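Note: the block below is start_6.pdb and it holds PDB, C-alpha atoms.
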```pdb
MODEL        1
ATOM      1  CA  MET Z 311      52.909 155.840 152.177
ATOM      2  CA  SER Z 312      54.296 159.206 151.100
ATOM      3  CA  ASP Z 313      57.903 159.806 150.116
ATOM      4  CA  THR Z 314      58.556 161.354 153.536
ATOM      5  CA  SER Z 315      56.972 158.529 155.517
ATOM      6  CA  PRO Z 316      59.336 156.062 157.132
ATOM      7  CA  ALA Z 317      59.664 152.635 155.523
ATOM      8  CA  ASP Z 318      57.562 149.830 156.961
ATOM      9  CA  SER Z 319      60.712 148.280 158.418
ATOM     10  CA  ALA Z 320      61.427 151.479 160.386
ATOM     11  CA  VAL Z 321      57.873 151.516 161.732
ATOM     12  CA  ILE Z 322      58.101 147.846 162.736
ATOM     13  CA  GLU Z 323      61.479 148.397 164.383
ATOM     14  CA  ARG Z 324      60.102 151.324 166.386
ATOM     15  CA  SER Z 325      57.006 149.281 167.327
ATOM     16  CA  ARG Z 326      59.235 146.820 169.153
ATOM     17  CA  GLN Z 327      59.730 149.479 171.831
ATOM     18  CA  GLU Z 328      56.467 151.378 171.274
ATOM     19  CA  PRO Z 329      53.808 148.746 170.396
ATOM     20  CA  GLU Z 330      51.129 151.315 169.535
ATOM     21  CA  VAL Z 331      53.229 152.460 166.559
ATOM     22  CA  PHE Z 332      52.402 149.150 164.820
ATOM     23  CA  GLY Z 333      48.969 150.644 164.099
ATOM     24  CA  GLU Z 334      50.645 152.510 161.232
ATOM     25  CA  ILE Z 335      51.338 149.197 159.490
ATOM     26  CA  PHE Z 336      47.641 148.379 159.790
ATOM     27  CA  ARG Z 337      46.631 151.802 158.422
ATOM     28  CA  ARG Z 338      48.972 151.433 155.470
ATOM     29  CA  HIS Z 339      48.078 147.903 154.402
ATOM     30  CA  ALA Z 340      44.773 146.702 155.898
ATOM     31  CA  ALA Z 341      42.575 147.784 152.986
ATOM     32  CA  GLU Z 342      44.771 146.022 150.430
ATOM     33  CA  ILE Z 343      45.014 142.839 152.522
ATOM     34  CA  LYS Z 344      41.253 142.917 153.057
ATOM     35  CA  ARG Z 345      40.575 143.136 149.298
ATOM     36  CA  PHE Z 346      42.794 140.114 148.752
ATOM     37  CA  VAL Z 347      41.133 138.111 151.538
ATOM     38  CA  VAL Z 348      37.623 138.988 150.310
ATOM     39  CA  ARG Z 349      38.519 137.811 146.802
ATOM     40  CA  ARG Z 350      39.805 134.527 148.237
ATOM     41  CA  LEU Z 351      37.136 133.824 150.866
ATOM     42  CA  GLY Z 352      34.172 136.063 150.166
ATOM     43  CA  LEU Z 353      32.604 138.431 152.648
ATOM     44  CA  ASP Z 354      32.112 135.829 155.379
ATOM     45  CA  GLY Z 355      35.163 135.632 157.577
ATOM     46  CA  ASP Z 356      37.148 138.342 155.835
ATOM     47  CA  GLU Z 357      37.250 140.575 158.898
ATOM     48  CA  ASP Z 358      38.436 137.653 161.018
ATOM     49  CA  VAL Z 359      41.262 136.748 158.648
ATOM     50  CA  VAL Z 360      42.375 140.375 158.293
ATOM     51  CA  ALA Z 361      42.332 140.818 162.067
ATOM     52  CA  GLU Z 362      44.205 137.527 162.543
ATOM     53  CA  THR Z 363      46.763 138.609 159.924
ATOM     54  CA  PHE Z 364      47.629 141.821 161.718
ATOM     55  CA  LEU Z 365      47.503 140.193 165.156
ATOM     56  CA  ALA Z 366      49.949 137.520 163.978
ATOM     57  CA  ALA Z 367      52.133 140.216 162.377
ATOM     58  CA  PHE Z 368      52.103 142.200 165.622
ATOM     59  CA  HIS Z 369      53.196 139.146 167.609
ATOM     60  CA  GLN Z 370      55.871 138.273 165.022
ATOM     61  CA  ARG Z 371      57.235 141.800 164.622
ATOM     62  CA  GLY Z 372      60.269 140.966 166.769
ATOM     63  CA  ARG Z 373      61.369 138.435 164.142
ATOM     64  CA  TYR Z 374      60.642 140.693 161.144
ATOM     65  CA  ASP Z 375      63.646 141.054 158.807
ATOM     66  CA  LEU Z 376      64.334 144.782 158.946
ATOM     67  CA  ALA Z 377      66.288 144.584 155.677
ATOM     68  CA  ARG Z 378      62.887 144.209 153.991
ATOM     69  CA  HIS Z 379      61.582 147.750 153.835
ATOM     70  CA  ASP Z 380      58.125 146.863 152.445
ATOM     71  CA  ALA Z 381      55.966 144.748 154.785
ATOM     72  CA  ARG Z 382      53.392 143.856 152.094
ATOM     73  CA  PRO Z 383      54.929 140.489 151.087
ATOM     74  CA  TRP Z 384      55.230 139.504 154.761
ATOM     75  CA  LEU Z 385      51.590 140.442 155.413
ATOM     76  CA  TYR Z 386      50.404 138.656 152.254
ATOM     77  CA  GLY Z 387      52.313 135.581 153.413
ATOM     78  CA  ILE Z 388      50.602 135.611 156.795
ATOM     79  CA  ALA Z 389      47.210 136.176 155.165
ATOM     80  CA  THR Z 390      47.791 133.363 152.670
ATOM     81  CA  ASN Z 391      48.692 130.970 155.482
ATOM     82  CA  LEU Z 392      45.531 131.929 157.354
ATOM     83  CA  ILE Z 393      43.499 131.564 154.180
ATOM     84  CA  GLY Z 394      44.916 128.050 153.967
ATOM     85  CA  ARG Z 395      42.905 127.306 157.083
ATOM     86  CA  HIS Z 396      39.830 128.511 155.267
ATOM     87  CA  LYS Z 397      40.398 126.538 152.047
ATOM     88  CA  ARG Z 398      37.083 124.747 152.326
ATOM     89  CA  THR Z 399      35.287 128.089 152.228
ATOM     90  CA  GLU Z 400      37.327 129.205 149.224
ATOM     91  CA  ALA Z 401      36.636 125.929 147.419
ATOM     92  CA  ARG Z 402      32.910 126.312 148.169
ATOM     93  CA  GLN Z 403      32.972 129.871 146.755
ATOM     94  CA  LEU Z 404      34.712 128.728 143.575
ATOM     95  CA  ASN Z 405      32.453 125.681 143.206
ATOM     96  CA  LEU Z 406      29.373 127.893 143.637
ATOM     97  CA  LEU Z 407      30.678 130.256 140.987
ATOM     98  CA  ALA Z 408      31.483 127.318 138.698
ATOM     99  CA  ARG Z 409      27.980 125.852 139.170
ATOM    100  CA  THR Z 410      25.893 129.006 138.998
ATOM    101  CA  GLY Z 411      28.037 131.642 137.331
ATOM    102  CA  VAL Z 412      27.088 133.988 140.166
ATOM    103  CA  ASP Z 413      29.976 135.383 142.159
ATOM    104  CA  PRO Z 414      28.686 135.613 145.751
ATOM    105  CA  VAL Z 415      31.272 138.306 146.497
ATOM    106  CA  THR Z 416      30.462 140.747 143.713
ATOM    107  CA  GLU Z 417      26.874 139.845 142.814
ATOM    108  CA  PRO Z 418      25.218 142.155 145.371
ATOM    109  CA  PHE Z 419      27.097 145.142 143.876
ATOM    110  CA  THR Z 420      26.750 144.301 140.197
ATOM    111  CA  PRO Z 421      23.989 145.653 137.967
ATOM    112  CA  ARG Z 422      22.405 143.112 135.585
ATOM    113  CA  SER Z 423      23.189 143.442 131.908
ATOM    114  CA  ASP Z 424      23.701 141.214 128.886
ATOM    115  CA  GLU Z 425      27.437 141.863 129.126
ATOM    116  CA  ARG Z 426      27.498 140.677 132.747
ATOM    117  CA  LEU Z 427      25.539 137.549 131.861
ATOM    118  CA  SER Z 428      27.986 136.542 129.154
ATOM    119  CA  ALA Z 429      30.905 137.292 131.469
ATOM    120  CA  GLN Z 430      29.386 134.935 134.039
ATOM    121  CA  ALA Z 431      29.852 131.981 131.702
ATOM    122  CA  VAL Z 432      33.573 132.722 131.470
ATOM    123  CA  ARG Z 433      33.776 133.265 135.242
ATOM    124  CA  ARG Z 434      32.163 129.876 135.853
ATOM    125  CA  ARG Z 435      34.809 128.127 133.773
ATOM    126  CA  LEU Z 436      37.567 130.172 135.379
ATOM    127  CA  ALA Z 437      36.323 129.348 138.895
ATOM    128  CA  ALA Z 438      36.170 125.642 138.053
ATOM    129  CA  ALA Z 439      39.715 125.794 136.680
ATOM    130  CA  LEU Z 440      40.967 127.658 139.780
ATOM    131  CA  VAL Z 441      39.422 125.196 142.203
ATOM    132  CA  ALA Z 442      41.011 122.303 140.271
ATOM    133  CA  LEU Z 443      44.530 123.718 140.757
ATOM    134  CA  PRO Z 444      46.752 122.412 143.543
ATOM    135  CA  ALA Z 445      46.542 124.803 146.508
ATOM    136  CA  GLY Z 446      50.156 125.985 146.158
ATOM    137  CA  HIS Z 447      49.670 126.829 142.490
ATOM    138  CA  ARG Z 448      46.399 128.654 143.209
ATOM    139  CA  ASP Z 449      48.000 130.612 146.086
ATOM    140  CA  VAL Z 450      50.870 131.813 143.895
ATOM    141  CA  LEU Z 451      48.666 132.665 140.914
ATOM    142  CA  LEU Z 452      46.212 134.649 143.045
ATOM    143  CA  LEU Z 453      48.951 136.488 144.945
ATOM    144  CA  VAL Z 454      50.366 137.630 141.608
ATOM    145  CA  THR Z 455      47.038 138.414 139.925
ATOM    146  CA  TRP Z 456      44.593 139.405 142.670
ATOM    147  CA  GLY Z 457      47.213 140.585 145.170
ATOM    148  CA  GLY Z 458      49.298 142.383 142.556
ATOM    149  CA  LEU Z 459      52.554 141.060 144.001
ATOM    150  CA  SER Z 460      55.652 140.597 141.878
ATOM    151  CA  TYR Z 461      57.139 137.116 141.620
ATOM    152  CA  THR Z 462      59.806 138.154 144.119
ATOM    153  CA  GLU Z 463      57.199 139.473 146.553
ATOM    154  CA  ALA Z 464      55.071 136.322 146.171
ATOM    155  CA  ALA Z 465      58.149 134.194 146.885
ATOM    156  CA  GLU Z 466      58.846 136.266 149.975
ATOM    157  CA  ALA Z 467      55.205 136.049 151.070
ATOM    158  CA  LEU Z 468      55.172 132.257 150.879
ATOM    159  CA  GLY Z 469      58.754 131.613 151.926
ATOM    160  CA  ILE Z 470      59.637 129.872 148.654
ATOM    161  CA  ARG Z 471      62.150 130.518 145.880
ATOM    162  CA  VAL Z 472      61.344 132.877 143.006
ATOM    163  CA  GLY Z 473      61.948 130.000 140.602
ATOM    164  CA  THR Z 474      59.234 128.019 142.376
ATOM    165  CA  VAL Z 475      56.848 130.945 141.975
ATOM    166  CA  ARG Z 476      57.640 131.210 138.257
ATOM    167  CA  SER Z 477      57.170 127.485 137.805
ATOM    168  CA  ARG Z 478      53.872 127.377 139.695
ATOM    169  CA  VAL Z 479      52.462 130.413 137.900
ATOM    170  CA  ASN Z 480      53.470 128.935 134.557
ATOM    171  CA  ARG Z 481      51.912 125.554 135.395
ATOM    172  CA  ALA Z 482      48.758 127.204 136.745
ATOM    173  CA  ARG Z 483      48.397 129.360 133.622
ATOM    174  CA  THR Z 484      48.955 126.337 131.377
ATOM    175  CA  LYS Z 485      46.393 124.244 133.261
ATOM    176  CA  ILE Z 486      43.805 127.043 133.249
ATOM    177  CA  ARG Z 487      44.479 127.810 129.581
ATOM    178  CA  GLU Z 488      43.766 124.136 128.792
ATOM    179  CA  GLU Z 489      40.560 124.239 130.848
ATOM    180  CA  LEU Z 490      39.442 127.420 129.077
ATOM    181  CA  GLY Z 491      40.112 126.163 125.570
ATOM    182  CA  GLY Z 492      43.217 128.259 124.940
ATOM    183  CA  THR Z 493      42.066 131.542 126.520
ATOM    184  CA  ASP Z 494      44.788 133.409 128.459
ATOM    185  CA  PRO Z 495      43.940 132.813 132.127
ATOM    186  CA  THR Z 496      45.922 135.807 133.368
ATOM    187  CA  ALA Z 497      43.780 138.172 131.322
ATOM    188  CA  LEU Z 498      40.614 136.590 132.719
ATOM    189  CA  VAL Z 499      41.789 136.713 136.330
ATOM    190  CA  ILE Z 500      42.907 140.333 135.965
ATOM    191  CA  GLU Z 501      39.657 141.217 134.160
ATOM    192  CA  GLU Z 502      37.753 139.569 137.026
ATOM    193  CA  VAL Z 503      39.581 141.804 139.501
ATOM    194  CA  ARG Z 504      38.820 144.951 137.479
ATOM    195  CA  HIS Z 505      35.137 144.228 136.923
ATOM    196  CA  GLY Z 506      34.386 141.810 139.755
TER
ENDMDL
END
```

Could you quickly redo this structure as structure tokens?
Amino acid sequence: MSDTSPADSAVIERSRQEPEVFGEIFRRHAAEIKRFVVRRLGLDGDEDVVAETFLAAFHQRGRYDLARHDARPWLYGIATNLIGRHKRTEARQLNLLARTGVDPVTEPFTPRSDERLSAQAVRRRLAAALVALPAGHRDVLLLVTWGGLSYTEAAEALGIRVGTVRSRVNRARTKIREELGGTDPTALVIEEVRHG
């Protein structure tokens, strides 16, 4: 969105009278939402969840709070709720990564090297730690790390208080740090995003 582009809220408000205008929200945010969904569910089903996210957003646009100028937290919230329906797939992805060290999402695009092989061992432990987290803690942690949302945006996305987000992220980090023998889980998750 450029500095001269209208805020998301203005586009959504206009789309209430001119539905085709909502396509601008898709153009602005679909790629980012898709990256988040792919990281959570893998390549299978990502298109469906992204399409469902924007379809749900389109149908809910009449209830959108126009005081919120950025639609990203709202869209992430919808996507996270839809991902909740696909938790078994996410758990299978993380369990596969924990068992094999091979990330089914990034493996086809990753060249083999000694560095990648050693990173796989860390990724296996990280995946096992992520899958062991309660779903609400995992959702918050991944919205903040993989989605790049602030605590406030994650709270908005999930319809919870910022304090709850802080608490869940802290608990998730502590639990993962314990599972990884003291390694900072945030650094590993962010590193996974950069290189995964």

>> Report, in Å with one decimal, the straight-line distance from atom CA of Val321 of chain Z to atom CA of Ile335 of chain Z.
In response: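 Atom-to-atom, atom CA of Val321 of chain Z and atom CA of Ile335 of chain Z are spaced 7.3 Å apart.
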
>> Can you spell out as an NGL selection string the set of residues that the PyMOL selection byres ((chain Z and resi 320) around 10) selects in the structure I just provided?
In response: :Z and (315-319 or 321-325 or 376-380)

> Which residue out of Z:Pro383, Z:Gln403, Z:Arg434, Z:Arg409 has the minimum interatomic distance to Thr462 of chain Z when only C-alpha atoms are used?
Replying inline: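 Result for the nearest residue to Thr462 of chain Z: Z:Pro383.
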
>> Residues near Tyr386 of chain Z, anyone? I mean within 7 Å using all atoms listed in the file, not counting same-chain ones fewer than 3 positions away, as a ChimeraX atom specification.
In response: /Z:343,382-383,389-390,467

>> Quick check on the file I pasted: which residues fall under the PyMOL selection byres ((chain Z and resi 457) around 10)? Write them as a list in words.
In response: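 Applying the expression gives Glu342, Ile343, Arg345, Phe346, Val347, Arg349, Arg382, Pro383, Tyr386, Val450, Leu451, Leu452, Leu453, Val454, Thr455, Trp456, Gly458, Leu459, Ser460, Ala464 and Val503 of chain Z.
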
>> Can you measure atom CA of Arg478 of chain Z to atom CA of Ala445 of chain Z for me? One decimal in Å is fine.
In response: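 Between these atoms lies a distance of 10.3 Å.
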
>> From the options Z:Arg435, Z:Leu468, Z:Gly387, Z:His396, which residue's atoms come nearest to Arg487 of chain Z, counting all atoms listed in the file?
In response: Z:Arg435

The PyMOL selection byres ((chain Z and resi 440) around 10) resolved against shown file, as an mmCIF file with C-alpha atoms, keeping the file's coordinate frame:
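Contents of the output file expr-v3.cif:
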```cif
data_model
loop_
_atom_site.group_PDB
_atom_site.id
_atom_site.type_symbol
_atom_site.label_atom_id
_atom_site.label_comp_id
_atom_site.auth_asym_id
_atom_site.auth_seq_id
_atom_site.Cartn_x
_atom_site.Cartn_y
_atom_site.Cartn_z
ATOM 1 C CA ALA Z 401 36.636 125.929 147.419
ATOM 2 C CA LEU Z 404 34.712 128.728 143.575
ATOM 3 C CA ASN Z 405 32.453 125.681 143.206
ATOM 4 C CA ALA Z 408 31.483 127.318 138.698
ATOM 5 C CA ARG Z 434 32.163 129.876 135.853
ATOM 6 C CA ARG Z 435 34.809 128.127 133.773
ATOM 7 C CA LEU Z 436 37.567 130.172 135.379
ATOM 8 C CA ALA Z 437 36.323 129.348 138.895
ATOM 9 C CA ALA Z 438 36.170 125.642 138.053
ATOM 10 C CA ALA Z 439 39.715 125.794 136.680
ATOM 11 C CA VAL Z 441 39.422 125.196 142.203
ATOM 12 C CA ALA Z 442 41.011 122.303 140.271
ATOM 13 C CA LEU Z 443 44.530 123.718 140.757
ATOM 14 C CA PRO Z 444 46.752 122.412 143.543
ATOM 15 C CA ALA Z 445 46.542 124.803 146.508
ATOM 16 C CA HIS Z 447 49.670 126.829 142.490
ATOM 17 C CA ARG Z 448 46.399 128.654 143.209
ATOM 18 C CA ASP Z 449 48.000 130.612 146.086
ATOM 19 C CA LEU Z 451 48.666 132.665 140.914
ATOM 20 C CA LEU Z 452 46.212 134.649 143.045
ATOM 21 C CA ALA Z 482 48.758 127.204 136.745
ATOM 22 C CA ARG Z 483 48.397 129.360 133.622
ATOM 23 C CA LYS Z 485 46.393 124.244 133.261
ATOM 24 C CA ILE Z 486 43.805 127.043 133.249
ATOM 25 C CA GLU Z 489 40.560 124.239 130.848
ATOM 26 C CA PRO Z 495 43.940 132.813 132.127
ATOM 27 C CA VAL Z 499 41.789 136.713 136.330
#
```
